[in-house]
Every structure is written in C-alpha cells, then in structure tokens.
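Coordinates from work_15.cif are shown below (mmCIF, C-alpha atoms (C1' of nucleotides)).
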data_final
#
loop_
_atom_site.label_atom_id
_atom_site.label_comp_id
_atom_site.auth_asym_id
_atom_site.auth_seq_id
_atom_site.Cartn_x
_atom_site.Cartn_y
_atom_site.Cartn_z
CA MET A 27 0.00 0.00 0.00
CA SER A 28 1.60 3.24 -1.08
CA ASN A 29 0.82 6.25 1.07
CA THR A 30 1.57 8.95 -1.47
CA LEU A 31 -1.44 11.12 -2.08
CA ARG A 32 -2.09 12.37 -5.59
CA SER A 33 -3.32 15.82 -4.52
CA GLY A 34 -4.96 17.72 -1.67
CA CYS A 35 -8.26 18.12 -3.49
CA PRO A 36 -11.17 16.91 -1.33
CA ILE A 37 -12.85 15.10 -4.21
CA ASN A 38 -9.61 13.35 -5.10
CA LEU A 39 -8.91 12.39 -1.49
CA THR A 40 -12.40 10.98 -1.08
CA LEU A 41 -11.77 9.00 -4.25
CA GLU A 42 -8.46 7.72 -2.92
CA VAL A 43 -10.27 6.23 0.07
CA LEU A 44 -13.51 5.07 -1.57
CA GLY A 45 -12.74 5.06 -5.28
CA ASP A 46 -12.79 1.38 -6.07
CA ARG A 47 -15.48 -1.10 -6.98
CA TRP A 48 -15.95 -2.69 -3.57
CA SER A 49 -15.33 -0.38 -0.58
CA LEU A 50 -18.67 1.42 -0.82
CA ILE A 51 -20.48 -1.87 -1.44
CA VAL A 52 -19.15 -3.19 1.87
CA LEU A 53 -20.09 0.03 3.68
CA ARG A 54 -23.55 -0.04 2.07
CA ASP A 55 -24.16 -3.58 3.37
CA VAL A 56 -23.10 -2.59 6.87
CA MET A 57 -25.09 0.63 6.75
CA PHE A 58 -28.34 -0.47 5.10
CA GLY A 59 -28.14 -4.25 5.31
CA GLY A 60 -27.21 -4.57 8.97
CA ARG A 61 -24.30 -6.91 8.19
CA ARG A 62 -21.78 -6.96 11.00
CA HIS A 63 -19.69 -10.12 10.39
CA TYR A 64 -17.32 -11.30 7.68
CA ARG A 65 -19.55 -14.26 6.77
CA GLU A 66 -22.66 -12.12 6.53
CA LEU A 67 -20.90 -9.74 4.20
CA LEU A 68 -19.48 -12.59 2.15
CA SER A 69 -22.44 -14.90 1.67
CA GLN A 70 -25.32 -12.42 1.67
CA SER A 71 -23.59 -10.17 -0.82
CA GLU A 72 -25.87 -9.20 -3.70
CA GLU A 73 -22.86 -8.61 -5.95
CA GLY A 74 -20.81 -11.65 -4.94
CA ILE A 75 -17.62 -10.24 -3.47
CA ALA A 76 -14.64 -12.62 -3.37
CA SER A 77 -13.36 -13.64 0.05
CA ASN A 78 -9.86 -12.27 -0.46
CA VAL A 79 -11.17 -8.95 -1.74
CA LEU A 80 -13.54 -8.70 1.24
CA ALA A 81 -10.70 -9.45 3.66
CA ASP A 82 -8.55 -6.81 2.00
CA ARG A 83 -11.31 -4.16 1.99
CA LEU A 84 -12.23 -4.75 5.63
CA LYS A 85 -8.58 -4.35 6.54
CA ARG A 86 -8.25 -1.18 4.50
CA LEU A 87 -11.52 0.34 5.77
CA VAL A 88 -10.47 -0.29 9.37
CA ALA A 89 -7.04 1.23 8.64
CA ASN A 90 -8.72 4.31 7.16
CA GLY A 91 -11.04 4.70 10.13
CA LEU A 92 -14.25 3.91 8.24
CA LEU A 93 -14.94 0.72 10.15
CA SER A 94 -14.01 -0.47 13.60
CA ARG A 95 -13.34 -4.09 14.42
CA VAL A 96 -14.14 -5.59 17.81
CA ASP A 97 -13.93 -9.20 18.97
CA ASP A 98 -17.30 -10.88 19.32
CA PRO A 99 -17.68 -12.20 22.89
CA SER A 100 -19.89 -15.08 21.65
CA HIS A 101 -17.11 -16.63 19.56
CA LYS A 102 -13.40 -16.12 20.02
CA GLN A 103 -12.75 -16.06 16.28
CA LYS A 104 -15.68 -13.86 15.39
CA ALA A 105 -15.30 -10.13 14.83
CA VAL A 106 -17.95 -7.43 14.78
CA TYR A 107 -17.54 -4.57 12.36
CA SER A 108 -19.11 -1.22 13.18
CA LEU A 109 -19.49 2.06 11.38
CA THR A 110 -17.52 5.03 12.71
CA GLU A 111 -18.51 8.69 12.78
CA PRO A 112 -16.73 9.34 9.45
CA SER A 113 -18.52 6.48 7.68
CA ILE A 114 -21.87 7.44 9.24
CA GLN A 115 -21.34 10.84 7.65
CA LEU A 116 -21.32 9.10 4.28
CA VAL A 117 -25.12 8.81 4.48
CA PRO A 118 -25.74 11.95 2.36
CA LEU A 119 -23.22 10.70 -0.20
CA MET A 120 -24.94 7.30 -0.34
CA ALA A 121 -28.29 9.05 -0.73
CA GLN A 122 -26.99 11.13 -3.63
CA MET A 123 -25.44 8.08 -5.28
CA GLY A 124 -28.72 6.23 -4.95
CA ALA A 125 -30.66 9.19 -6.34
CA TRP A 126 -28.34 9.54 -9.33
CA GLY A 127 -28.27 5.80 -10.01
CA ARG A 128 -32.02 5.59 -9.85
CA ARG A 129 -32.33 8.26 -12.54
CA HIS A 130 -29.52 7.27 -14.85
CA THR A 131 -28.89 3.54 -14.58
CA PRO A 132 -31.05 0.43 -15.14
CA THR A 133 -31.99 -0.28 -11.54
CA THR A 134 -34.49 -2.90 -10.41
CA PRO A 135 -37.57 -1.56 -8.57
CA LEU A 136 -37.03 -3.71 -5.48
CA LEU A 137 -33.47 -2.55 -4.96
CA ALA A 138 -34.25 1.07 -5.85
CA ILE A 139 -37.09 1.64 -3.40
CA ARG A 140 -34.80 2.47 -0.50
CA ALA A 141 -32.94 5.02 -2.61
CA GLU A 142 -36.26 6.53 -3.66
CA LEU A 143 -37.44 6.87 -0.07
CA LEU A 144 -34.11 8.28 1.07
CA GLU A 145 -34.14 10.85 -1.71
CA ALA A 146 -37.72 11.90 -0.95
CA GLY A 147 -36.95 12.13 2.77
CA GLY A 148 -34.18 14.64 2.15
CA PRO A 149 -31.56 15.92 4.61
CA GLU A 150 -34.00 15.63 7.51
CA MET A 151 -34.37 11.90 6.97
CA TRP A 152 -30.63 11.49 6.44
CA ALA A 153 -29.94 13.16 9.77
CA ALA A 154 -32.45 10.89 11.49
CA PHE A 155 -30.86 7.84 9.89
CA MET A 156 -27.41 9.00 10.98
CA ASP A 157 -28.69 9.36 14.55
CA GLU A 158 -30.04 5.83 14.37
CA LEU A 159 -26.70 4.53 13.05
CA ARG A 160 -24.91 6.29 15.91
CA ALA A 161 -27.18 4.43 18.30
CA ILE A 162 -26.57 1.07 16.64
CA HIS A 163 -22.85 1.38 15.96
CA LEU A 164 -21.51 3.88 18.47
CA GLY A 165 -23.74 3.21 21.46
CA ALA A 166 -25.45 6.59 21.35
CA PRO A 167 -28.97 6.90 22.84
CA SER A 168 -31.71 5.58 20.58
CA PRO A 169 -33.57 8.25 18.61
CA ALA A 170 -37.36 8.29 18.32
CA ARG A 171 -37.54 7.94 14.56
CA ARG A 172 -36.48 4.58 13.10
CA VAL A 173 -35.57 5.21 9.48
CA SER A 174 -34.32 1.64 9.09
CA VAL A 175 -37.83 0.43 9.88
CA GLU A 176 -39.29 2.80 7.29
CA LEU A 177 -36.83 1.58 4.68
CA GLN A 178 -37.43 -2.07 5.49
CA ALA A 179 -41.21 -1.61 5.39
CA ALA A 180 -41.00 -0.01 1.95
CA TYR A 181 -38.75 -2.83 0.75
CA GLU A 182 -41.18 -5.49 1.91
CA ARG A 183 -44.13 -3.63 0.41
CA VAL A 184 -42.46 -3.64 -3.01
CA LEU A 185 -41.45 -7.26 -2.49
CA ALA A 186 -45.09 -8.20 -1.90
CA GLU A 187 -46.21 -6.17 -4.91
CA THR A 188 -43.72 -7.74 -7.29
CA SER A 189 -44.39 -11.28 -6.17
CA ALA A 190 -48.13 -10.62 -6.31
CA GLY A 191 -48.11 -8.88 -9.71
CA MET B 24 -15.40 -4.46 -21.73
CA SER B 25 -17.82 -6.85 -20.08
CA ASN B 26 -21.41 -5.71 -19.95
CA THR B 27 -22.61 -7.96 -17.16
CA LEU B 28 -23.98 -5.93 -14.28
CA ARG B 29 -23.37 -7.16 -10.75
CA SER B 30 -26.80 -6.14 -9.42
CA GLY B 31 -29.66 -3.72 -9.95
CA CYS B 32 -28.89 -1.70 -6.82
CA PRO B 33 -28.61 2.01 -7.66
CA ILE B 34 -25.52 2.50 -5.48
CA ASN B 35 -23.84 -0.47 -7.13
CA LEU B 36 -24.76 0.70 -10.63
CA THR B 37 -23.42 4.19 -9.93
CA LEU B 38 -20.25 2.51 -8.72
CA GLU B 39 -20.01 0.41 -11.87
CA VAL B 40 -19.98 3.60 -13.94
CA LEU B 41 -17.94 5.89 -11.69
CA GLY B 42 -16.24 3.54 -9.24
CA ASP B 43 -12.62 3.83 -10.28
CA ARG B 44 -9.82 6.20 -9.43
CA TRP B 45 -9.97 8.39 -12.54
CA SER B 46 -13.46 8.80 -14.03
CA LEU B 47 -14.66 11.34 -11.48
CA ILE B 48 -11.34 13.19 -11.63
CA VAL B 49 -11.85 13.72 -15.36
CA LEU B 50 -15.44 14.85 -14.83
CA ARG B 51 -14.36 17.16 -12.02
CA ASP B 52 -11.81 18.86 -14.30
CA VAL B 53 -14.41 19.36 -17.02
CA MET B 54 -17.02 20.52 -14.52
CA PHE B 55 -15.01 22.80 -12.23
CA GLY B 56 -11.81 23.36 -14.19
CA GLY B 57 -13.33 24.22 -17.54
CA ARG B 58 -11.14 21.69 -19.38
CA ARG B 59 -12.63 20.76 -22.73
CA HIS B 60 -9.74 19.18 -24.68
CA TYR B 61 -7.62 16.07 -24.28
CA ARG B 62 -4.40 18.06 -23.87
CA GLU B 63 -5.91 20.35 -21.26
CA LEU B 64 -7.06 17.36 -19.25
CA LEU B 65 -3.70 15.65 -19.66
CA SER B 66 -1.20 18.41 -18.93
CA GLN B 67 -3.16 20.54 -16.45
CA SER B 68 -4.10 17.52 -14.36
CA GLU B 69 -3.41 18.07 -10.68
CA GLU B 70 -3.12 14.33 -10.12
CA GLY B 71 -1.09 13.48 -13.23
CA ILE B 72 -3.27 11.11 -15.21
CA ALA B 73 -1.47 8.92 -17.75
CA SER B 74 -2.29 9.50 -21.41
CA ASN B 75 -3.52 5.98 -22.07
CA VAL B 76 -5.73 6.02 -19.00
CA LEU B 77 -7.17 9.40 -20.02
CA ALA B 78 -7.88 8.13 -23.53
CA ASP B 79 -9.59 5.06 -22.09
CA ARG B 80 -11.69 7.05 -19.61
CA LEU B 81 -12.81 9.59 -22.19
CA LYS B 82 -13.89 6.73 -24.43
CA ARG B 83 -15.72 5.02 -21.61
CA LEU B 84 -17.40 8.21 -20.34
CA VAL B 85 -18.63 9.02 -23.85
CA ALA B 86 -19.90 5.44 -24.24
CA ASN B 87 -21.75 5.74 -20.94
CA GLY B 88 -23.32 9.05 -21.89
CA LEU B 89 -21.47 11.14 -19.30
CA LEU B 90 -19.52 13.14 -21.85
CA SER B 91 -20.18 14.05 -25.46
CA ARG B 92 -17.44 14.45 -28.01
CA VAL B 93 -17.68 16.92 -30.89
CA ASP B 94 -15.07 17.87 -33.48
CA ASP B 95 -13.53 21.26 -32.88
CA PRO B 96 -14.08 23.46 -35.99
CA SER B 97 -10.84 25.34 -35.23
CA HIS B 98 -8.64 22.29 -35.68
CA LYS B 99 -9.42 19.16 -37.67
CA GLN B 100 -7.81 16.87 -35.12
CA LYS B 101 -9.16 18.59 -32.05
CA ALA B 102 -12.17 17.35 -30.15
CA VAL B 103 -14.31 19.20 -27.62
CA TYR B 104 -15.71 17.26 -24.69
CA SER B 105 -18.91 18.47 -23.08
CA LEU B 106 -20.91 17.45 -20.04
CA THR B 107 -24.29 15.86 -20.63
CA GLU B 108 -27.45 16.16 -18.57
CA PRO B 109 -26.60 13.00 -16.60
CA SER B 110 -23.13 14.24 -15.71
CA ILE B 111 -24.44 17.73 -14.87
CA GLN B 112 -26.70 15.99 -12.39
CA LEU B 113 -23.58 14.73 -10.63
CA VAL B 114 -23.12 18.20 -9.11
CA PRO B 115 -24.83 17.29 -5.80
CA LEU B 116 -22.71 14.12 -5.61
CA MET B 117 -19.54 16.12 -6.22
CA ALA B 118 -20.62 18.61 -3.56
CA GLN B 119 -21.18 15.82 -1.04
CA MET B 120 -17.85 14.20 -1.88
CA GLY B 121 -16.12 17.54 -1.42
CA ALA B 122 -17.90 18.14 1.87
CA TRP B 123 -17.00 14.71 3.21
CA GLY B 124 -13.40 14.92 2.00
CA ARG B 125 -12.98 18.33 3.57
CA ARG B 126 -14.03 16.96 6.94
CA HIS B 127 -12.31 13.61 6.93
CA THR B 128 -9.20 13.78 4.74
CA PRO B 129 -6.04 15.93 4.78
CA THR B 130 -7.03 18.49 2.17
CA THR B 131 -5.07 21.61 1.32
CA PRO B 132 -6.86 24.94 1.98
CA LEU B 133 -6.48 26.20 -1.57
CA LEU B 134 -8.03 23.13 -3.14
CA ALA B 135 -10.72 22.83 -0.46
CA ILE B 136 -12.14 26.34 -0.71
CA ARG B 137 -14.43 25.49 -3.63
CA ALA B 138 -15.82 22.50 -1.76
CA GLU B 139 -16.39 24.69 1.28
CA LEU B 140 -18.28 27.30 -0.73
CA LEU B 141 -20.32 24.66 -2.52
CA GLU B 142 -21.27 23.02 0.76
CA ALA B 143 -22.25 26.33 2.34
CA GLY B 144 -24.27 27.31 -0.74
CA GLY B 145 -26.42 24.18 -0.44
CA PRO B 146 -28.92 22.77 -2.96
CA GLU B 147 -29.81 26.26 -4.14
CA MET B 148 -26.26 26.96 -5.24
CA TRP B 149 -25.96 23.49 -6.77
CA ALA B 150 -29.05 24.11 -8.88
CA ALA B 151 -27.67 27.47 -10.02
CA PHE B 152 -24.36 25.84 -10.94
CA MET B 153 -26.18 23.12 -12.87
CA ASP B 154 -28.06 25.78 -14.82
CA GLU B 155 -24.78 27.46 -15.63
CA LEU B 156 -23.28 24.15 -16.79
CA ARG B 157 -26.33 23.58 -19.00
CA ALA B 158 -25.64 26.97 -20.59
CA ILE B 159 -21.95 26.22 -21.12
CA HIS B 160 -22.20 22.59 -22.23
CA LEU B 161 -25.69 22.14 -23.64
CA GLY B 162 -26.34 25.55 -25.16
CA ALA B 163 -29.12 26.48 -22.75
CA PRO B 164 -29.81 30.15 -22.07
CA SER B 165 -27.36 31.77 -19.64
CA PRO B 166 -28.61 32.08 -16.09
CA ALA B 167 -28.22 35.28 -14.06
CA ARG B 168 -26.13 33.78 -11.27
CA ARG B 169 -22.57 32.75 -12.18
CA VAL B 170 -21.48 30.22 -9.58
CA SER B 171 -18.27 29.53 -11.48
CA VAL B 172 -17.29 33.17 -10.98
CA GLU B 173 -18.03 32.90 -7.26
CA LEU B 174 -15.92 29.75 -6.99
CA GLN B 175 -13.06 31.25 -8.96
CA ALA B 176 -13.10 34.44 -6.89
CA ALA B 177 -12.91 32.46 -3.67
CA TYR B 178 -10.05 30.38 -5.09
CA GLU B 179 -8.08 33.47 -6.02
CA ARG B 180 -8.75 35.08 -2.67
CA VAL B 181 -7.26 32.09 -0.86
CA LEU B 182 -4.41 32.01 -3.35
CA ALA B 183 -3.57 35.63 -2.51
CA GLU B 184 -3.85 34.94 1.23
CA THR B 185 -1.53 31.94 1.14
CA SER B 186 1.10 33.62 -0.99
CA ALA B 187 0.84 36.74 1.19
CA GLY B 188 0.89 34.91 4.54
"C1'" DC C 3 -13.41 -36.95 18.28
"C1'" DA C 4 -15.48 -35.70 14.05
"C1'" DA C 5 -18.32 -32.20 11.67
"C1'" DT C 6 -19.05 -27.55 11.24
"C1'" DC C 7 -18.27 -22.68 11.59
"C1'" DT C 8 -14.97 -18.82 12.16
"C1'" DG C 9 -12.08 -15.17 9.58
"C1'" DA C 10 -9.14 -15.43 6.79
"C1'" DT C 11 -4.74 -16.90 3.22
"C1'" DT C 12 -2.70 -19.03 -0.98
"C1'" DG C 13 -1.94 -19.93 -5.85
"C1'" DC C 14 -2.92 -18.75 -10.36
"C1'" DA C 15 -4.86 -16.47 -14.39
"C1'" DC C 16 -6.47 -12.29 -15.92
"C1'" DT C 17 -7.17 -7.28 -16.06
"C1'" DT C 18 -5.95 -2.67 -14.96
"C1'" DT C 19 -2.60 0.81 -14.10
"C1'" DG C 20 1.57 3.71 -14.59
"C1'" DC C 21 5.29 5.27 -17.24
"C1'" DA C 22 8.01 6.38 -21.38
"C1'" DA C 23 8.18 6.50 -26.03
"C1'" DG C 24 6.25 6.92 -30.42
"C1'" DC C 25 2.65 7.71 -34.11
"C1'" DA C 26 0.30 10.10 -38.13
"C1'" DG C 27 -2.12 14.04 -39.34
"C1'" DT C 28 -2.76 19.45 -38.73
"C1'" DT C 29 -1.40 23.96 -38.08
"C1'" DG C 30 1.37 28.15 -37.79
"C1'" DC C 31 5.31 30.59 -39.14
"C1'" DC C 32 9.12 32.12 -41.98
"C1'" DG D 27 7.65 24.97 -49.47
"C1'" DG D 28 9.42 23.27 -45.28
"C1'" DC D 29 9.94 22.50 -40.57
"C1'" DA D 30 8.81 22.78 -35.72
"C1'" DA D 31 5.13 22.59 -32.65
"C1'" DC D 32 0.80 20.76 -31.56
"C1'" DT D 33 -3.28 17.46 -32.10
"C1'" DG D 34 -5.49 13.10 -30.01
"C1'" DC D 35 -4.13 8.75 -29.28
"C1'" DT D 36 -1.45 4.03 -29.43
"C1'" DT D 37 2.17 0.75 -28.10
"C1'" DG D 38 5.31 -1.91 -25.13
"C1'" DC D 39 6.30 -3.38 -20.79
"C1'" DA D 40 6.55 -3.89 -15.74
"C1'" DA D 41 3.85 -3.60 -11.60
"C1'" DA D 42 -0.29 -3.70 -9.10
"C1'" DG D 43 -5.04 -5.06 -8.47
"C1'" DT D 44 -8.94 -8.37 -9.19
"C1'" DG D 45 -11.60 -12.77 -9.53
"C1'" DC D 46 -12.00 -17.52 -8.61
"C1'" DA D 47 -11.32 -21.95 -6.32
"C1'" DA D 48 -9.13 -24.31 -2.92
"C1'" DT D 49 -7.32 -24.43 1.49
"C1'" DC D 50 -6.02 -23.20 6.32
"C1'" DA D 51 -5.90 -23.32 11.57
"C1'" DG D 52 -8.43 -22.41 15.57
"C1'" DA D 53 -13.16 -22.53 18.00
"C1'" DT D 54 -17.35 -24.54 18.74
"C1'" DT D 55 -20.90 -28.07 18.54
"C1'" DG D 56 -22.85 -32.63 18.71
#

Write the structure described by the file as structure tokens, please.
Amino acid sequence: MSNTLRSGCPINLTLEVLGDRWSLIVLRDVMFGGRRHYRELLSQSEEGIASNVLADRLKRLVANGLLSRVDDPSHKQKAVYSLTEPSIQLVPLMAQMGAWGRRHTPTTPLLAIRAELLEAGGPEMWAAFMDELRAIHLGAPSPARRVSVELQAAYERVLAETSAG
Amino acid sequence: MSNTLRSGCPINLTLEVLGDRWSLIVLRDVMFGGRRHYRELLSQSEEGIASNVLADRLKRLVANGLLSRVDDPSHKQKAVYSLTEPSIQLVPLMAQMGAWGRRHTPTTPLLAIRAELLEAGGPEMWAAFMDELRAIHLGAPSPARRVSVELQAAYERVLAETSAG
DNA sequence: CAATCTGATTGCACTTTGCAAGCAGTTGCC
DNA sequence: GGCAACTGCTTGCAAAGTGCAATCAGATTG
C-alpha cells in the first residue's frame, strides 16, 4: 500500500479512500443491510464479493477509520464490524449516489425503493438515519424515529407487490 | 469491456460507472476546471493522469453518456468534450464528496475552498451551478447567477492569502 | 473426536494501471 | 515549401489489483 497522495483536493482524497469497486459496497451492506460479520458480508452479498477482496477491503476500511473491528464475545474467532462517525457521515453521499443511479442507470424496482425513499426524505431523513446509526454502531442513545424500519417496510411492500403482480 | 452488471442496486450501478480512481477526476476537471480538450485534461491535471488512462476514460465516459465528443471546428484533429445532462446531475454528488473529503481527509486549503463554498451554498447553489453548466455545455440560455465566478473568486482570494501569509 | 463454523490466506490467471516512447495528421510561421 | 510545434491517441512493458477456487488453523458443537 503506497501512502503517497495524488493531490490535496477533497474530491480526489475521497476518491483515494472510496474510489474502487468494492469499498462502498461493503459500507452499504453494513449501513443499510445490517451486516456486521465477515460471513454475513461474504455470503449475503448481492454482488458476490470474493473472500480475499472482502478481507482486503475490511482491513483497509479499518485502517482508514471507516470501520471499527471488535472481537465478538460469543465466539473467540468472530469479529464485529461497526461504522464510525466518518462512515456514518457518508449517508448523504450514499443518498446522492442512490438518487443519481435511480435516474440514470437500469436499476431494479425492489433494490431502488430504499434510494427513492431516502431521496424523498431529504436531509432531515438522512440526519435521522445518521442518529439511528450512531445508536446502533456507536452506542449513542436511541432516537425516536427509526428510518431503518421505514426503509425495510417499503422494501417489503415492493417485495409483496412484485411477487403478487 | 464486459457488460454484465453485478446487481440492480442504484448504489452499485453508480459505482459500476464511476467507481474507479480516474473517471470522477476527469469529470471534475471538465465541470469545475473548464477543461474541454484532451491536452488540457492531460497536462493541467493536478493528479497526473497517464495518457492511455485518459484516452480510455474519455472513451468510456462518452460510451456511458457522461460526456459528449464533438469535433472542434478550429482544428481538424481537435475534439471538444462536453458534459451531458446525466453528468451535470452529478453536481450534488460532487458537492457531497467535497464536503466529506474536507471533513475527513487531509485536504489543502487552496483546493478545499471550492468544496467549502459549494457546501455552504447548499442545494440552491448546486441548482444554479447546474443551470450554468447547461448553458456552457448544452447551449441552454445563460442564467443570471454565475457560480463559477463565485468559486473562482474564492479560489483566487485564498491564493492571494496563502502567498501573502 | 469428528463435523461444522470462524475469519481469513494461498496460488494462479487475468485485467488494470503507470510510465516512457512513439505515431500520423494538422497547423502556424518564416 | 518546409519545418517545428501541436493534435489526439497508441504501443510496449513492468507492476499492481482483481476474480475464482481451494485451502487453512483455531473454535465450537454434537
């Protein structure tokens, strides 16, 4: 891993941390999919990440402060990965990526519904979701609004519609 | 170039188009740096993109509808690259990336000032900038507000400060 | 004590990247 | 006319990154 940065431009530096085909996928699964363990990320991956790539990305994300790794008390070889404040602050970026992708790429309705809801909810919803993530991952007090429940409900509604139609 | 998509998730699909270390750098230079020609993108690149990588990315971005390529009437071998409506709609994403990078990566003040201004300006400023880009790249009527002038002025102000201090 | 689950690592083929050099056609200038 | 500078872009080659299947050792379970 070379540590030489290409430039001090914020967009470039963000790209140097997240600009590959897998890092944001892993963070998305932790953030929206509730995955906390290596096996969950590996086997429930929609895109089919390879085990060595996952191991490398987890290592790199922890090194860059976007994930934290803690031993799981229930199993001495198990590790729990949590979001950090910096990665929780990626919520608006994820929302914008989802919004753009929904407009300009061939998404499937079931997988796009969360992006649609998050876009419609706007910065207010993003802030509420970030508070919820701080409760789940950083041990902050639980907020009143549960955005994850709203997102999951919408997902299951579309799931029912598509399997019914 | 393989055309098999990994999944229909909007975040994943955005990543499949833009998820590499150079595509967004090229778009950033066209969007904020006013670069329109191959040579401008190559030699004025802050990060030092290689010529073959630039050629490949321009080809790919045109194929994906994020840039359009038109022959330059002033020179038979020259080509002018323009943003398209989809890439103009990346402005909010760029703004979020800049905002996140400014907070969580070691940016330099001079290169971060535009991101700071764009974050402070919010969605209203982004919309004004998008209108301006539509005028420059798509031939739409010129809007009253010139965000590019505001960004450039701020850049030069910081430039003067740093060279003075 | 064997089967299973844990987070990985290894080997190998393939692709992408970075760097330097080179290419053919176009233009400007004397 | 002729030559240097400029145009977008290609080529060759070494290094790094990626994808896939198999495998690993330790922990737990039955």

Quiz item: Nearest to chain A: which of D:DG56, D:DG45, D:DC50, D:DG34 is it, counting all atoms listed in the file?
Solution: D:DG45

Quiz item: So how far away is atom C1' of C:DT8 from atom CA of A:Gln103, in Å?
Solution: 5.4 Å

Exercise. With the file shown as input, list the residues that the PyMOL selection byres ((chain D) within 12 of (chain B)) selects, as number ranges by chain.
Key: D: 32-37, 43

Output the selection as a PDB file, keeping the file's coordinate frame - C-alpha atoms (C1' of nucleotides) for each residue.
ATOM      1  C1'  DC D  32       0.800  20.760 -31.560  1.00  0.00           C
ATOM      2  C1'  DT D  33      -3.280  17.460 -32.100  1.00  0.00           C
ATOM      3  C1'  DG D  34      -5.490  13.100 -30.010  1.00  0.00           C
ATOM      4  C1'  DC D  35      -4.130   8.750 -29.280  1.00  0.00           C
ATOM      5  C1'  DT D  36      -1.450   4.030 -29.430  1.00  0.00           C
ATOM      6  C1'  DT D  37       2.170   0.750 -28.100  1.00  0.00           C
ATOM      7  C1'  DG D  43      -5.040  -5.060  -8.470  1.00  0.00           C
TER       8       DG D  43
END

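Between atom CA of B:Val53 and atom CA of B:Val181 the separation is 21.8 Å.
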
Practice problem: Rounded to one decimal place, report the atom CA of A:Ala179-atom CA of A:Leu136 distance in Å. | Solution: 11.8 Å

Using all atoms listed in the file, select each residue of chain A with any atom at most 8 Å away from an atom of chain B, and give the selection as a compact mmCIF listing (two decimals) with C-alpha atoms, in the coordinates of the input.
# COMPACT_ATOMS: atom_id res chain seq x y z
CA ARG A 32 -2.09 12.37 -5.59
CA SER A 33 -3.32 15.82 -4.52
CA GLY A 34 -4.96 17.72 -1.67
CA CYS A 35 -8.26 18.12 -3.49
CA PRO A 36 -11.17 16.91 -1.33
CA ILE A 37 -12.85 15.10 -4.21
CA ASN A 38 -9.61 13.35 -5.10
CA LEU A 39 -8.91 12.39 -1.49
CA THR A 40 -12.40 10.98 -1.08
CA LEU A 41 -11.77 9.00 -4.25
CA GLU A 42 -8.46 7.72 -2.92
CA GLY A 45 -12.74 5.06 -5.28
CA ASP A 46 -12.79 1.38 -6.07
CA ARG A 47 -15.48 -1.10 -6.98
CA ILE A 51 -20.48 -1.87 -1.44
CA GLU A 72 -25.87 -9.20 -3.70
CA GLU A 73 -22.86 -8.61 -5.95
CA GLY A 74 -20.81 -11.65 -4.94
CA PRO A 112 -16.73 9.34 9.45
CA GLN A 115 -21.34 10.84 7.65
CA LEU A 116 -21.32 9.10 4.28
CA PRO A 118 -25.74 11.95 2.36
CA LEU A 119 -23.22 10.70 -0.20
CA MET A 120 -24.94 7.30 -0.34
CA GLN A 122 -26.99 11.13 -3.63
CA MET A 123 -25.44 8.08 -5.28
CA GLY A 124 -28.72 6.23 -4.95
CA ALA A 125 -30.66 9.19 -6.34
CA TRP A 126 -28.34 9.54 -9.33
CA GLY A 127 -28.27 5.80 -10.01
CA ARG A 128 -32.02 5.59 -9.85
CA HIS A 130 -29.52 7.27 -14.85
CA THR A 131 -28.89 3.54 -14.58
CA PRO A 132 -31.05 0.43 -15.14
CA THR A 133 -31.99 -0.28 -11.54
CA THR A 134 -34.49 -2.90 -10.41
CA LEU A 137 -33.47 -2.55 -4.96
CA ALA A 138 -34.25 1.07 -5.85
CA ALA A 141 -32.94 5.02 -2.61

Please check the contacts: residues of chain C at most 10 Å away from chain B, using all atoms listed in the file, listed as an mmCIF file with C-alpha atoms (C1' of nucleotides), in the frame of the given file.
data_model
loop_
_atom_site.group_PDB
_atom_site.id
_atom_site.type_symbol
_atom_site.label_atom_id
_atom_site.label_comp_id
_atom_site.auth_asym_id
_atom_site.auth_seq_id
_atom_site.Cartn_x
_atom_site.Cartn_y
_atom_site.Cartn_z
ATOM 1 C "C1'" DT C 18 -5.950 -2.670 -14.960
ATOM 2 C "C1'" DT C 19 -2.600 0.810 -14.100
ATOM 3 C "C1'" DG C 20 1.570 3.710 -14.590
ATOM 4 C "C1'" DC C 21 5.290 5.270 -17.240
ATOM 5 C "C1'" DG C 27 -2.120 14.040 -39.340
ATOM 6 C "C1'" DT C 28 -2.760 19.450 -38.730
ATOM 7 C "C1'" DT C 29 -1.400 23.960 -38.080
#
